[in-house]
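Asks: What follows is the file protein_38.txt, containing compact mmCIF, C-alpha atoms:
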```txt
# COMPACT_ATOMS: atom_id res chain seq x y z
CA MET A 86 -11.47 35.44 10.22
CA GLN A 87 -13.38 35.69 6.95
CA ARG A 88 -10.24 34.84 5.02
CA LEU A 89 -9.60 31.81 7.21
CA GLN A 90 -13.14 30.60 6.64
CA THR A 91 -12.68 30.93 2.89
CA LEU A 92 -9.43 28.97 3.08
CA GLY A 93 -11.20 26.30 5.12
CA ILE A 94 -13.88 25.90 2.44
CA ALA A 95 -11.30 25.81 -0.35
CA LEU A 96 -9.03 23.32 1.43
CA GLY A 97 -11.98 21.13 2.39
CA LEU A 98 -13.45 20.93 -1.10
CA ALA A 99 -10.04 20.27 -2.66
CA SER A 100 -9.36 17.45 -0.19
CA LEU A 101 -12.79 15.83 -0.59
CA ALA A 102 -12.55 16.01 -4.37
CA GLY A 103 -9.60 13.61 -4.15
CA LEU A 104 -11.83 11.03 -2.47
CA ASN A 105 -14.93 11.44 -4.59
CA LEU A 106 -15.15 14.43 -6.93
CA TYR A 107 -18.62 13.65 -8.28
CA LEU A 108 -20.20 13.19 -4.84
CA THR A 109 -18.56 16.42 -3.64
CA VAL A 110 -19.95 18.38 -6.60
CA PHE A 111 -23.38 16.74 -6.44
CA VAL A 112 -23.95 17.22 -2.71
CA SER A 113 -22.58 20.78 -2.80
CA GLY A 114 -24.78 21.70 -5.75
CA LEU A 115 -27.83 20.05 -4.20
CA ALA A 116 -27.28 21.92 -0.94
CA ILE A 117 -27.05 25.22 -2.81
CA GLN A 118 -30.12 24.47 -4.94
CA GLN A 119 -32.21 23.49 -1.92
CA HIS A 120 -30.98 26.55 0.02
CA TRP A 121 -29.45 24.41 2.72
CA VAL A 122 -26.42 26.68 2.39
CA ASP A 123 -26.21 30.28 1.24
CA VAL A 124 -23.16 31.04 -0.87
CA SER A 125 -24.32 34.44 -2.11
CA GLN A 126 -22.17 36.26 0.44
CA THR A 127 -19.24 33.87 0.97
CA CYS A 128 -18.62 32.03 -2.31
CA PRO A 129 -21.03 33.37 -4.97
CA GLU A 130 -19.14 31.70 -7.81
CA LEU A 131 -20.03 28.27 -6.40
CA ALA A 132 -23.70 28.92 -7.22
CA ILE A 133 -23.01 27.44 -10.65
CA LEU A 134 -22.90 24.00 -9.00
CA ALA A 135 -26.68 24.21 -8.50
CA HIS A 136 -27.30 24.28 -12.25
CA PRO A 137 -29.58 21.35 -13.22
CA ALA A 138 -27.18 20.11 -15.89
CA ILE A 139 -24.27 19.98 -13.43
CA LEU A 140 -26.43 18.22 -10.86
CA ALA A 141 -27.59 15.66 -13.41
CA ILE A 142 -24.12 14.90 -14.80
CA SER A 143 -22.41 14.74 -11.40
CA GLY A 144 -25.24 12.54 -10.08
CA VAL A 145 -24.96 10.07 -12.96
CA LEU A 146 -21.17 9.95 -12.71
CA TYR A 147 -21.39 9.41 -8.96
CA LEU A 148 -23.81 6.55 -9.55
CA LEU A 149 -21.29 4.95 -11.91
CA GLN A 150 -18.51 5.40 -9.39
CA PHE A 151 -20.72 4.03 -6.62
CA PHE A 152 -20.77 0.65 -8.35
CA ALA A 153 -17.24 0.80 -9.79
CA ASP A 154 -15.77 1.43 -6.34
CA LYS A 155 -17.26 -1.78 -4.98
CA VAL A 156 -15.58 -4.13 -7.48
CA PRO A 157 -11.93 -5.17 -6.87
CA TRP A 158 -9.54 -3.99 -9.58
CA VAL A 159 -12.33 -2.11 -11.37
CA ASP A 160 -11.94 0.55 -8.66
CA THR A 161 -8.20 0.69 -9.35
CA LEU A 162 -8.84 1.20 -13.07
CA TRP A 163 -11.37 3.91 -12.22
CA ASP A 164 -8.85 5.63 -9.93
CA ALA A 165 -6.17 5.46 -12.63
CA VAL A 166 -8.43 7.29 -15.09
CA HIS A 167 -9.32 9.91 -12.46
CA THR A 168 -5.70 10.65 -11.60
CA PHE A 169 -6.02 13.54 -14.05
CA ILE A 170 -9.68 14.41 -13.52
CA ARG A 171 -9.83 14.80 -9.75
CA PRO A 172 -6.93 17.27 -9.37
CA LEU A 173 -8.45 19.45 -12.11
CA GLY A 174 -11.83 19.34 -10.39
CA GLY A 175 -10.33 20.09 -6.98
CA ALA A 176 -8.36 23.03 -8.38
CA TYR A 177 -11.50 24.38 -10.08
CA LEU A 178 -13.54 24.22 -6.86
CA ALA A 179 -10.84 25.86 -4.75
CA VAL A 180 -10.19 28.69 -7.21
CA HIS A 181 -13.92 29.47 -7.41
CA VAL A 182 -14.15 29.49 -3.62
CA LEU A 183 -11.32 32.01 -3.37
CA GLY A 184 -13.00 34.20 -5.97
CA PRO A 185 -11.48 36.47 -8.64
CA SER A 186 -8.02 37.77 -7.87
CA ASP A 187 -4.69 38.50 -9.51
CA PRO A 188 -4.02 35.94 -12.31
CA THR A 189 -0.73 34.95 -10.70
CA ALA A 190 -2.50 34.25 -7.41
CA GLU A 191 -5.13 32.19 -9.22
CA VAL A 192 -2.48 30.03 -10.87
CA ILE A 193 -0.70 29.49 -7.55
CA ALA A 194 -3.99 28.66 -5.84
CA ALA A 195 -4.90 26.21 -8.60
CA LEU A 196 -1.53 24.46 -8.35
CA LEU A 197 -1.73 24.19 -4.57
CA ALA A 198 -5.34 22.99 -4.60
CA GLY A 199 -4.58 20.49 -7.35
CA GLY A 200 -1.68 19.21 -5.27
CA VAL A 201 -3.95 18.76 -2.25
CA THR A 202 -6.50 16.87 -4.34
CA LEU A 203 -3.78 14.72 -5.88
CA THR A 204 -2.47 13.89 -2.39
CA THR A 205 -5.82 12.59 -1.12
CA HIS A 206 -6.49 10.86 -4.44
CA THR A 207 -3.13 9.09 -4.33
CA MET A 208 -3.74 7.93 -0.78
CA LYS A 209 -7.19 6.65 -1.76
CA ALA A 210 -5.90 4.86 -4.87
CA SER A 211 -2.92 3.35 -3.03
CA THR A 212 -5.12 2.08 -0.21
CA ARG A 213 -7.50 0.52 -2.73
CA LEU A 214 -4.61 -1.15 -4.51
CA VAL A 215 -3.40 -2.74 -1.27
CA VAL A 216 -6.94 -3.85 -0.32
CA ASN A 217 -7.42 -5.42 -3.75
CA HIS A 218 -4.76 -7.99 -2.87
CA SER A 219 -7.44 -9.64 -0.75
CA PRO A 220 -9.71 -11.81 -2.93
CA GLU A 221 -12.91 -11.04 -0.97
CA PRO A 222 -14.92 -7.95 -2.07
CA PHE A 223 -16.30 -6.93 1.34
CA SER A 224 -13.30 -4.77 2.25
CA ASN A 225 -13.74 -2.82 -1.00
CA ILE A 226 -17.42 -2.25 -0.24
CA ALA A 227 -16.72 -1.12 3.32
CA LEU A 228 -13.93 1.20 2.19
CA SER A 229 -16.09 2.72 -0.55
CA LEU A 230 -18.99 3.37 1.82
CA GLY A 231 -16.58 4.86 4.33
CA GLU A 232 -15.19 7.25 1.71
CA ASP A 233 -18.70 8.38 0.76
CA ALA A 234 -19.54 8.93 4.43
CA ALA A 235 -16.31 10.91 4.86
CA VAL A 236 -17.23 13.20 1.94
CA ILE A 237 -20.71 13.90 3.31
CA GLY A 238 -19.35 14.40 6.81
CA GLY A 239 -16.62 16.69 5.53
CA LEU A 240 -19.11 18.83 3.63
CA PHE A 241 -21.29 19.08 6.74
CA LEU A 242 -18.26 20.19 8.77
CA ILE A 243 -17.43 22.84 6.16
CA LYS A 244 -21.00 24.17 6.40
CA GLN A 245 -21.05 24.23 10.19
CA ASP A 246 -17.59 25.63 10.93
CA PRO A 247 -15.18 26.46 8.08
CA VAL A 248 -12.40 27.43 10.50
CA LEU A 249 -12.60 24.08 12.29
CA ALA A 250 -12.74 22.40 8.88
CA PHE A 251 -9.50 24.17 7.92
CA ILE A 252 -7.77 22.82 11.04
CA VAL A 253 -9.15 19.29 10.58
CA PHE A 254 -8.25 19.02 6.89
CA ALA A 255 -4.81 20.51 7.49
CA LEU A 256 -4.13 17.88 10.18
CA LEU A 257 -5.43 15.11 7.92
CA LEU A 258 -3.14 16.20 5.10
CA MET A 259 -0.16 16.19 7.45
CA ALA A 260 -1.14 12.70 8.60
CA ILE A 261 -1.39 11.53 4.99
CA ILE A 262 2.04 12.93 4.20
CA TYR A 263 3.48 11.26 7.31
CA LEU A 264 1.84 7.87 6.77
CA GLY A 265 1.71 8.01 2.99
CA ARG A 266 5.23 6.66 2.53
CA ARG A 267 4.23 3.27 3.94
CA VAL A 268 1.02 3.11 1.95
CA PHE A 269 2.73 4.17 -1.28
CA ARG A 270 5.46 1.58 -0.73
CA ALA A 271 2.83 -1.13 -0.28
CA ALA A 272 1.02 0.08 -3.40
CA ARG A 273 4.25 -0.01 -5.38
CA VAL A 274 4.75 -3.65 -4.36
CA GLN A 275 1.22 -4.54 -5.48
CA LEU A 276 1.71 -2.79 -8.83
CA TRP A 277 5.02 -4.61 -9.32
CA LEU A 278 3.43 -7.98 -8.54
CA LEU A 279 0.52 -7.23 -10.85
CA TRP A 280 2.89 -6.28 -13.66
CA LYS A 281 4.94 -9.44 -13.13
CA LYS A 282 1.79 -11.54 -13.23
CA ILE A 283 0.67 -9.97 -16.49
CA ALA A 284 4.11 -9.93 -18.14
CA SER A 285 5.17 -13.44 -17.15
CA PRO A 286 2.36 -15.82 -16.06
CA ALA A 287 3.11 -18.52 -13.52
CA SER A 288 4.72 -21.60 -14.97
CA ASN A 289 5.80 -25.01 -13.72
CA LYS A 290 8.91 -24.91 -15.89
CA LEU A 291 12.21 -24.07 -14.24
CA GLU A 292 13.03 -20.55 -15.37
CA THR A 293 16.20 -19.77 -13.41
CA GLU A 294 18.49 -21.41 -10.90
CA LEU A 295 18.95 -20.07 -7.40
CA GLY A 296 21.46 -17.24 -7.57
CA LYS A 297 24.60 -17.04 -5.47
CA THR A 298 25.56 -13.37 -5.64
CA LEU A 299 24.61 -10.20 -3.82
CA PRO A 300 24.58 -6.68 -5.24
CA PRO A 301 27.67 -4.82 -4.01
CA GLU A 302 25.54 -2.28 -2.16
CA LEU A 303 24.21 -5.07 0.12
CA ASP A 304 27.58 -6.60 1.04
CA ILE A 305 27.96 -4.56 4.22
CA ALA A 306 24.40 -5.38 5.34
CA PHE A 307 24.94 -9.09 4.77
CA PHE A 308 28.29 -9.27 6.53
CA SER A 309 26.76 -7.49 9.54
CA VAL A 310 24.77 -10.70 10.17
CA ASN A 311 27.27 -13.11 8.63
CA LEU A 312 30.16 -12.48 10.98
CA GLU A 313 31.83 -15.80 10.12
CA ARG A 314 32.03 -14.69 6.45
CA ASP A 315 30.51 -17.97 5.27
CA PRO A 316 30.14 -18.35 1.48
CA ILE A 317 26.69 -17.84 0.00
CA ALA A 318 24.77 -21.01 -0.87
CA TRP A 319 21.95 -19.13 -2.59
CA ALA A 320 20.46 -15.63 -2.67
CA VAL A 321 17.01 -15.00 -4.14
CA PRO A 322 15.26 -11.64 -4.62
CA CYS A 323 11.99 -11.24 -2.74
CA ILE A 324 9.89 -8.75 -0.78
CA SER A 325 9.55 -8.61 2.98
CA THR A 326 6.35 -8.29 4.96
CA SER A 327 6.20 -6.43 8.24
CA SER A 328 7.22 -8.46 11.29
CA ARG A 329 9.34 -8.09 14.39
CA GLY A 330 12.66 -6.57 13.46
CA LEU A 331 11.77 -6.43 9.78
CA PRO A 332 9.99 -3.57 7.96
CA GLY A 333 7.44 -4.49 5.33
CA ASN A 334 7.50 -3.99 1.56
CA LEU A 335 11.27 -3.94 1.18
CA PHE A 336 12.79 -5.25 -2.05
CA GLY A 337 15.71 -7.38 -0.89
CA LEU A 338 17.25 -10.85 -0.93
CA LEU A 339 16.75 -13.98 1.13
CA VAL A 340 20.19 -15.51 1.66
CA ALA A 341 21.46 -18.87 2.87
CA THR A 342 25.13 -19.66 3.50
CA GLU A 343 27.19 -22.81 2.96
CA ARG A 344 27.39 -23.39 6.73
CA PRO A 345 25.05 -26.26 7.70
CA GLY A 346 22.11 -25.32 9.85
CA PRO A 347 18.70 -23.71 9.56
CA LYS A 348 19.74 -20.06 9.41
CA LEU A 349 18.75 -17.47 6.83
CA ALA A 350 19.32 -13.77 6.37
CA PHE A 351 17.22 -11.10 4.70
CA VAL A 352 19.06 -8.02 3.45
CA ALA A 353 17.68 -4.94 1.70
CA LYS A 354 18.15 -1.23 1.18
CA ARG A 355 15.83 1.04 3.13
CA GLY A 356 16.18 4.53 1.72
CA TRP A 357 19.69 5.66 2.52
CA LYS A 358 20.07 2.90 5.09
CA GLN A 359 20.37 -0.86 4.90
CA ALA A 360 18.25 -3.48 6.62
CA ALA A 361 19.55 -6.88 7.68
CA LEU A 362 17.99 -9.64 9.77
CA GLU A 363 19.24 -13.12 10.60
CA LEU A 364 16.57 -15.78 11.13
CA ASP A 365 17.15 -18.88 13.24
CA LEU A 366 14.63 -21.39 11.92
CA THR A 367 14.91 -23.99 14.69
CA ALA A 368 11.49 -22.92 16.03
CA TYR A 369 9.71 -22.40 12.69
CA GLN A 370 7.88 -24.42 10.11
CA VAL A 371 8.35 -23.44 6.48
CA ALA A 372 5.59 -23.59 3.88
CA HIS A 373 4.85 -22.55 0.32
CA GLU A 374 1.73 -20.37 0.13
CA PRO A 375 0.32 -19.43 -3.33
CA LYS A 376 -1.64 -16.18 -3.48
CA LEU A 377 -3.52 -14.24 -6.15
CA LEU A 378 -0.51 -12.17 -7.21
CA SER A 379 2.37 -13.87 -5.47
CA GLU A 380 4.07 -17.06 -4.30
CA ASN A 381 5.04 -16.77 -0.64
CA VAL A 382 7.57 -18.45 1.61
CA VAL A 383 5.93 -18.57 5.05
CA LEU A 384 7.83 -19.18 8.26
CA THR A 385 5.35 -20.02 11.02
CA SER A 386 6.54 -20.06 14.61
CA LEU A 387 6.15 -23.12 16.81
CA GLU A 388 6.57 -20.89 19.84
CA LYS A 389 5.55 -17.34 20.72
CA ARG A 390 7.59 -15.80 17.92
CA PRO A 391 6.56 -13.65 14.98
CA LYS A 392 5.52 -15.05 11.62
CA TYR A 393 7.67 -14.13 8.62
CA VAL A 394 6.41 -14.04 5.04
CA PHE A 395 8.59 -13.42 2.00
CA VAL A 396 6.84 -12.56 -1.24
CA PHE A 397 7.85 -13.66 -4.74
CA PRO A 398 6.17 -13.01 -8.12
CA ARG A 399 3.75 -15.64 -9.38
CA SER A 400 6.14 -16.49 -12.21
CA GLN A 401 8.72 -17.75 -9.69
CA ARG A 402 6.73 -20.71 -8.39
CA VAL A 403 9.55 -23.17 -9.06
CA ILE A 404 12.07 -20.87 -7.38
CA VAL A 405 9.86 -20.73 -4.28
CA GLN A 406 9.51 -24.51 -4.27
CA ALA A 407 13.30 -24.84 -4.47
CA VAL A 408 13.78 -22.36 -1.60
CA VAL A 409 11.28 -24.19 0.61
CA ALA A 410 12.88 -27.55 -0.22
CA SER A 411 16.33 -26.18 0.60
CA ILE A 412 15.17 -24.78 3.95
CA ARG A 413 13.56 -28.10 4.88
CA GLU A 414 16.69 -29.99 3.86
CA ARG A 415 18.85 -27.71 5.98
CA PHE A 416 16.56 -28.19 8.96
CA ALA A 417 16.62 -31.96 8.49
CA GLU A 418 20.43 -31.94 8.41
CA HIS A 419 20.51 -29.80 11.55
CA ALA A 420 18.04 -32.12 13.32
CA ALA A 421 20.14 -35.17 12.36
CA VAL A 422 23.32 -33.54 13.71
CA SER A 423 21.51 -32.61 16.93
CA THR A 424 20.23 -36.16 17.33
CA ASP A 425 23.69 -37.64 16.86
CA ALA A 426 25.06 -35.28 19.48
CA VAL A 427 22.60 -36.52 22.15
CA PRO A 428 23.90 -39.38 24.36
CA ARG A 429 22.11 -42.68 23.66
CA ASP A 430 20.91 -43.05 27.23
CA GLU A 431 19.04 -39.71 27.06
CA PRO A 432 15.66 -39.17 25.35
CA VAL A 433 15.74 -37.35 22.03
CA ALA A 434 13.49 -34.27 21.71
CA SER A 435 11.36 -34.23 18.59
CA ALA A 436 11.79 -31.34 16.13
CA ALA A 437 9.19 -30.03 13.68
CA SER A 438 10.16 -29.73 10.08
```
Can I see the file as structure tokens?
Replies:
Amino acid sequence: MQRLQTLGIALGLASLAGLNLYLTVFVSGLAIQQHWVDVSQTCPELAILAHPAILAISGVLYLLQFFADKVPWVDTLWDAVHTFIRPLGGAYLAVHVLGPSDPTAEVIAALLAGGVTLTTHTMKASTRLVVNHSPEPFSNIALSLGEDAAVIGGLFLIKQDPVLAFIVFALLLMAIIYLGRRVFRAARVQLWLLWKKIASPASNKLETELGKTLPPELDIAFFSVNLERDPIAWAVPCISTSSRGLPGNLFGLLVATERPGPKLAFVAKRGWKQAALELDLTAYQVAHEPKLLSENVVLTSLEKRPKYVFVFPRSQRVIVQAVVASIRERFAEHAAVSTDAVPRDEPVASAAS
């Protein structure tokens, strides 16, 4: 039981260090200095955290992080710098909790603890990167305060019941590993859009024409929704957002065929699989929606159907305008054909464009 308690303390401190290393060190050291916790029997080597110099430095650094975490994009820069610092700090805390042992065991413990800290840090940084896509700062403030509360609550749990803390932190790590793929994929998209914005600013000049080819690896996916084997009118690279029948944050292509009519397809690779979706636009309105990092093609339902958004880099404003114009033209052609097909003695239903 004693060993399990020690592991609970080590795992807890390593996990919390990934969220906020300085707050973890400061609160732990303050608790030891004020005798709120007694580490003389369980983790005597942690008593060094109560040293006045460590308390002062960790307190000042936490104060800096407190303000940096509240500012969009500044928090991402801060997290990028601490990608190396937090795992080292988490490994140091965990190794000192476990106490002196065989050098090989210490190295293994340091690597494992550093990996745990890096996991929570990566989840934190990725979540912040996704939140930063929103121009308002309130979500950053709420998230930062929530992280601080989680650190304090986690330290309190470690003090009260290290065995329960071990179970809780182990479950949280498994949840992060399970859900992390989606968050990391979203973060990768945001980084890619940010890089595209920096490398090639938005321009009103026509940079490229709409392409007409698909990568060979997407041929099967496209033909699974293009059963008539219609020729491609245009195919433009973009990123999907999550909607019914379509996973989010997939790098793929939006494709239109030469066949008249308001139908599109989105095709992409999803790991070892392929994703393909055909969209019938007869019940949608199409719009061009500029965002901070992207230019979006938005398909808004006129009925109780899902909304689809396809994301393009800011530098492809003209491409997005051409795509939206093409979709509207196709819908207009389809509406004209439908009108001609209606007998003259019957009322004609109006269609939104």
Asks: What are the centre and the three edge lengths of an axis-aligned box that wraps all atoms of range 226-230 of chain A in the file, given that 3 Å is added to every side, written as lines of an AutoDock Vina configuration file and rounded to one decimal in Å?
Replies:
```
center_x = -16.5
center_y = 0.6
center_z = 1.4
size_x = 11.1
size_y = 11.6
size_z = 9.9
```
Asks: Using all atoms listed in the file, determine which residues lie at most 8 Å from range 158-164 of chain A, disregarding the query and same-chain residues fewer than 5 positions distant; provide the list as a PDB file with C-alpha atoms, in the coordinates of the input.
Replies:
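around_18.pdb, written as the output of this step:
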```
ATOM      1  CA  GLN A 150     -18.510   5.400  -9.390  1.00  0.00           C
ATOM      2  CA  ALA A 153     -17.240   0.800  -9.790  1.00  0.00           C
ATOM      3  CA  HIS A 206      -6.490  10.860  -4.440  1.00  0.00           C
ATOM      4  CA  ALA A 210      -5.900   4.860  -4.870  1.00  0.00           C
ATOM      5  CA  ARG A 213      -7.500   0.520  -2.730  1.00  0.00           C
ATOM      6  CA  LEU A 214      -4.610  -1.150  -4.510  1.00  0.00           C
ATOM      7  CA  ASN A 217      -7.420  -5.420  -3.750  1.00  0.00           C
TER       8      ASN A 217
END
```
Asks: Every residue with an atom at most 7 Å from (2.8, -16.5, 2.7) (file coordinates; only C-alpha atoms) is what I'm after, so could you write them as a PyMOL selection string?
Replies: chain A and resi 373-374+381-383+394-396
Asks: Quick one: residues within 12 Å of range 275-282 of chain A, only C-alpha atoms counted, chain neighbours fewer than 4 positions away excluded, as a PyMOL selection string?
Replies: chain A and resi 158+161+210-219+268-271+286-288+323-324+334+336+376-381+396-402
Asks: So that each row is one residue of range 225-269 of chain A with an atom at most 12 Å from range 120-142 of chain A, can you give its shortest atom pair and the distance in Å to one decimal, using all atoms listed in the file, rows by chain and rising number, as a Markdown table?
Replies:
```
| residue | atom | partner | partner_atom | distance |
| --- | --- | --- | --- | --- |
| A:Leu240 | CA | A:Val122 | CA | 10.8 |
| A:Phe241 | CA | A:Val122 | CA | 10.1 |
| A:Ile243 | CA | A:Val122 | CA | 10.5 |
| A:Lys244 | CA | A:Val122 | CA | 7.2 |
| A:Gln245 | CA | A:Val122 | CA | 9.8 |
| A:Pro247 | CA | A:Thr127 | CA | 11.0 |
```
Asks: Expressed in Å to a single decimal, how great is the separation between CA of Ala99 in chain A and CA of Thr202 in chain A?
Replies: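 Between CA of Ala99 in chain A and CA of Thr202 in chain A the gap is 5.2 Å.
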Asks: Please provide the set of residues having any atom within 12 Å of Asp246 in chain A, restricted to all atoms listed in the file, with same-chain residues fewer than 6 positions apart removed, written as a compact mmCIF listing (two decimals) with C-alpha atoms, in the coordinates of the input.
Replies:
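selection10.txt, freshly written:
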```
# COMPACT_ATOMS: atom_id res chain seq x y z
CA MET A 86 -11.47 35.44 10.22
CA GLN A 87 -13.38 35.69 6.95
CA LEU A 89 -9.60 31.81 7.21
CA GLN A 90 -13.14 30.60 6.64
CA THR A 91 -12.68 30.93 2.89
CA LEU A 92 -9.43 28.97 3.08
CA GLY A 93 -11.20 26.30 5.12
CA ILE A 94 -13.88 25.90 2.44
CA GLY A 97 -11.98 21.13 2.39
CA GLY A 239 -16.62 16.69 5.53
CA LEU A 240 -19.11 18.83 3.63
CA ILE A 252 -7.77 22.82 11.04
CA VAL A 253 -9.15 19.29 10.58
```
Asks: By how many Å are CA of Pro300 in chain A and CA of Arg415 in chain A apart?
Replies: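 Distance reported for this atom pair: 24.5 Å.
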